[in-house]
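Student: File follows, entry.txt with compact mmCIF, C-alpha atoms and all ligand atoms:
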# COMPACT_ATOMS: atom_id res chain seq x y z
CA MET A 1 140.62 325.86 86.56
CA PRO A 2 139.34 328.84 84.61
CA ASN A 3 137.14 328.49 81.55
CA VAL A 4 137.94 330.92 78.78
CA THR A 5 135.33 331.27 76.08
CA PHE A 6 136.43 332.93 72.86
CA SER A 7 133.68 334.56 70.83
CA SER A 8 134.00 336.39 67.55
CA PRO A 9 132.16 336.88 64.27
CA LYS A 10 135.41 335.57 62.73
CA MET A 11 134.78 332.14 64.30
CA ARG A 12 132.14 329.63 63.21
CA ARG A 13 131.14 329.15 66.84
CA ASP A 14 132.29 330.08 70.33
CA LEU A 15 135.14 328.02 71.77
CA THR A 16 135.54 327.32 75.47
CA VAL A 17 138.91 326.12 76.70
CA TYR A 18 140.20 325.20 80.12
CA ALA A 19 143.31 327.01 81.17
CA ALA A 20 145.38 325.66 84.03
CA ALA A 21 145.17 328.04 86.97
CA GLY A 22 148.49 329.49 87.97
CA ASP A 23 150.05 329.03 84.55
CA ARG A 24 150.31 332.81 84.21
CA LYS A 25 149.40 332.69 80.57
CA SER A 26 147.94 335.64 78.76
CA ILE A 27 144.66 335.56 76.91
CA LEU A 28 146.71 335.81 73.74
CA GLY A 29 148.89 332.86 74.72
CA VAL A 30 145.90 330.63 75.45
CA ALA A 31 144.20 331.76 72.25
CA ARG A 32 147.23 330.79 70.20
CA GLU A 33 147.50 327.40 71.92
CA HIS A 34 143.97 326.66 70.76
CA GLY A 35 144.17 328.11 67.27
CA VAL A 36 142.12 331.20 68.03
CA ALA A 37 143.33 334.05 65.82
CA ILE A 38 143.24 337.25 67.85
CA ASP A 39 144.95 340.12 66.02
CA CYS A 40 148.31 341.08 67.47
CA GLU A 41 151.33 342.99 66.30
CA CYS A 42 153.78 343.91 69.04
CA GLN A 43 152.88 341.45 71.84
CA LYS A 44 154.36 344.04 74.21
CA GLY A 45 151.27 346.03 75.17
CA GLU A 46 152.19 348.92 72.93
CA CYS A 47 150.15 348.78 69.72
CA GLY A 48 146.62 348.00 70.94
CA SER A 49 145.91 345.62 68.05
CA CYS A 50 145.00 342.82 70.48
CA THR A 51 142.28 344.78 72.28
CA VAL A 52 139.46 342.46 73.34
CA GLU A 53 136.34 342.77 75.44
CA VAL A 54 136.47 340.66 78.59
CA ILE A 55 133.27 339.62 80.37
CA HIS A 56 133.55 337.96 83.75
CA ILE A 57 131.08 335.17 84.38
CA GLY A 58 130.26 333.21 87.48
CA ASN A 59 129.57 334.31 91.02
CA LYS A 60 133.04 335.36 92.08
CA PRO A 61 134.07 339.00 91.86
CA PRO A 62 136.51 339.72 89.02
CA MET A 63 140.11 339.03 90.00
CA ALA A 64 142.23 340.30 87.11
CA VAL A 65 141.40 343.95 87.67
CA HIS A 66 144.89 345.46 87.73
CA LEU A 67 146.34 346.70 84.46
CA THR A 68 150.01 346.92 83.65
CA GLU A 69 151.33 350.43 83.01
CA LYS A 70 151.65 349.64 79.31
CA GLU A 71 148.08 348.36 79.18
CA LYS A 72 146.76 351.50 80.90
CA LEU A 73 148.66 353.81 78.57
CA THR A 74 147.70 351.93 75.39
CA LEU A 75 144.01 351.69 76.30
CA LEU A 76 143.92 355.38 77.26
CA THR A 77 145.68 356.60 74.13
CA SER A 78 143.62 354.36 71.82
CA GLY A 79 140.39 355.73 73.27
CA LYS A 80 139.19 352.32 74.47
CA LEU A 81 139.32 353.68 78.01
CA ALA A 82 138.50 357.24 79.03
CA ARG A 83 140.63 358.82 81.77
CA GLN A 84 137.61 359.53 84.00
CA GLU A 85 136.24 356.00 83.56
CA PHE A 86 139.64 354.56 84.37
CA GLU A 87 139.96 356.61 87.56
CA GLU A 88 136.45 355.62 88.67
CA LEU A 89 137.10 351.92 88.00
CA GLU A 90 140.42 352.06 89.81
CA LEU A 91 138.78 353.60 92.88
CA LEU A 92 136.20 350.80 92.93
CA ASP A 93 138.85 348.14 92.19
CA LEU A 94 137.03 347.11 89.03
CA ALA A 95 138.40 346.13 85.65
CA PRO A 96 137.65 348.01 82.44
CA ARG A 97 135.61 346.31 79.75
CA TYR A 98 138.40 346.37 77.16
CA ARG A 99 141.76 344.77 77.80
CA LEU A 100 144.88 343.87 75.88
CA ALA A 101 145.00 340.13 75.19
CA CYS A 102 148.80 340.13 75.31
CA GLN A 103 148.88 341.77 78.75
CA TYR A 104 145.93 340.17 80.53
CA LEU A 105 147.22 337.25 82.60
CA LEU A 106 144.61 334.63 83.34
CA LEU A 107 143.65 333.97 86.93
CA ASP A 108 141.28 331.41 88.38
CA GLU A 109 138.12 332.96 87.00
CA ASP A 110 135.79 332.23 84.11
CA ILE A 111 135.70 334.80 81.35
CA VAL A 112 134.30 335.39 77.88
CA VAL A 113 136.69 337.06 75.45
CA LYS A 114 135.05 338.90 72.55
CA PHE A 115 137.07 340.15 69.63
FE1 LIG B 201 150.34 345.00 70.64
FE2 LIG B 201 148.97 343.44 72.39
S1 LIG B 201 149.83 342.89 70.46
S2 LIG B 201 149.32 345.58 72.45
Could you write out this structure as C-alpha cells?
Tutor:
Amino acid sequence: MPNVTFSSPKMRRDLTVYAAAGDRKSILGVAREHGVAIDCECQKGECGSCTVEVIHIGNKPPMAVHLTEKEKLTLLTSGKLARQEFEELELLDLAPRYRLACQYLLLDEDIVVKF
C-alpha cells in the first residue's frame, strides 16, 4: 500500500494518506478524496494547472516513470521539463521531477507530492 504525502504552503501541515495499491487512481483523484486542493482545470493532461513535484521515498527504485503523451507534451510546452532533460531521463528510465497530478497514476510506491 503506497503512502502519499501531500505538502504545500497552502496546507496547515503535511498530510499522509494510504492509497490502495492497484486502484489506478491519479494523484489528483486521491487528493480530492482526502480534501487536498490541488489546482486543476481540464483534468485531461492538457492545461498544466495541476503540475506538482513528486519525490520518491523509500528504498525501491521509482516505478511510475513513464509519462503519457499528453503529460510529456504539456510538461515540455509549459517549460517544466526541458527537451534535453526529458531525453536523458527517458534513456535512464527515470521520472522527471514535475508531473501532472491528473495523469500520474499511483503505483505501489511511497511518494511526497509538493504543490
Ligand atoms: Fe489540466 Fe491536469 S488539470 S493538466
Student: Centre and edge lengths of an axis-aligned box around all listed atoms of ligand LIG 201 (chain B), with 5 Å added on each side, are to be given in Å to one decimal, as JSON.
Tutor:
{"center_x": 149.7, "center_y": 344.2, "center_z": 71.5, "size_x": 11.4, "size_y": 12.7, "size_z": 12.0}
Student: Distance limit 6 Å, reference ligand LIG 201 (chain B), atoms considered: only C-alpha atoms and all ligand atoms. Which residues make the cut? Give them as a PyMOL selection string.
Tutor: chain A and resi 40-50+100-102
Student: Could you list, with a cut-off of 12 Å and counting all atoms listed in the file, the residues of segment 55-107 of chain A near segment 6-21 of chain A, each shown with its nearest atom pair and the distance in Å rounded to one decimal, rows sorted by chain and ascending number, as JSON lines?
Tutor:
{"residue": "A:Ile55", "atom": "CA", "partner": "A:Phe6", "partner_atom": "CA", "distance": 10.5}
{"residue": "A:Ala101", "atom": "CA", "partner": "A:Phe6", "partner_atom": "CA", "distance": 11.4}
{"residue": "A:Leu105", "atom": "CA", "partner": "A:Ala21", "partner_atom": "CA", "distance": 10.4}
{"residue": "A:Leu106", "atom": "CA", "partner": "A:Ala21", "partner_atom": "CA", "distance": 7.5}
{"residue": "A:Leu107", "atom": "CA", "partner": "A:Ala21", "partner_atom": "CA", "distance": 6.1}
Student: One decimal, Å: what's the distance from atom CA of Pro96 of chain A over to atom CA of Leu67 of chain A, could you say?
Tutor: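 Between atom CA of Pro96 of chain A and atom CA of Leu67 of chain A the gap is 9.0 Å.
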Student: Find the residues near segment 79-84 of chain A: any atom within 12 Å, counting only C-alpha atoms, skip ones fewer than 3 places away on the same chain, and give them as a PyMOL selection string.
Tutor: chain A and resi 48-53+67+71-76+87-91+95-100
Student: Grab the atom CA of Ile57 of chain A to atom CA of Asp110 of chain A distance for me, in Å with one decimal place.
Tutor: 5.6 Å
Student: Determine the nearest neighbour of Ala31 of chain A from the options A:Thr5, A:Val54, A:Lys60, A:Asp93, counting all atoms listed in the file.
Tutor: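 Looking only at the distances to Ala31 of chain A, the closest residue turns out to be A:Thr5.
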Student: Please measure the separation of atom CA of Pro2 of chain A and atom CA of Glu109 of chain A, giving the value in Å to one decimal.
Tutor: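 Atom CA of Glu109 of chain A lies 4.9 Å from atom CA of Pro2 of chain A.
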Student: Identify which of the residues A:Glu85, A:Val4, A:Met63, A:Gly58 lies closest to Val36 of chain A, counting only C-alpha atoms when measuring atom-to-atom distances.
Tutor: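 Nearest candidate to Val36 of chain A out of A:Glu85, A:Val4, A:Met63, A:Gly58: A:Val4.
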Student: Find the residue from A:His56, A:Val113, A:Tyr104, A:Ala64 that sits nearest to Lys25 of chain A; use all atoms listed in the file when measuring.
Tutor: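 The shortest atom-to-atom distance to Lys25 of chain A comes from A:Tyr104.
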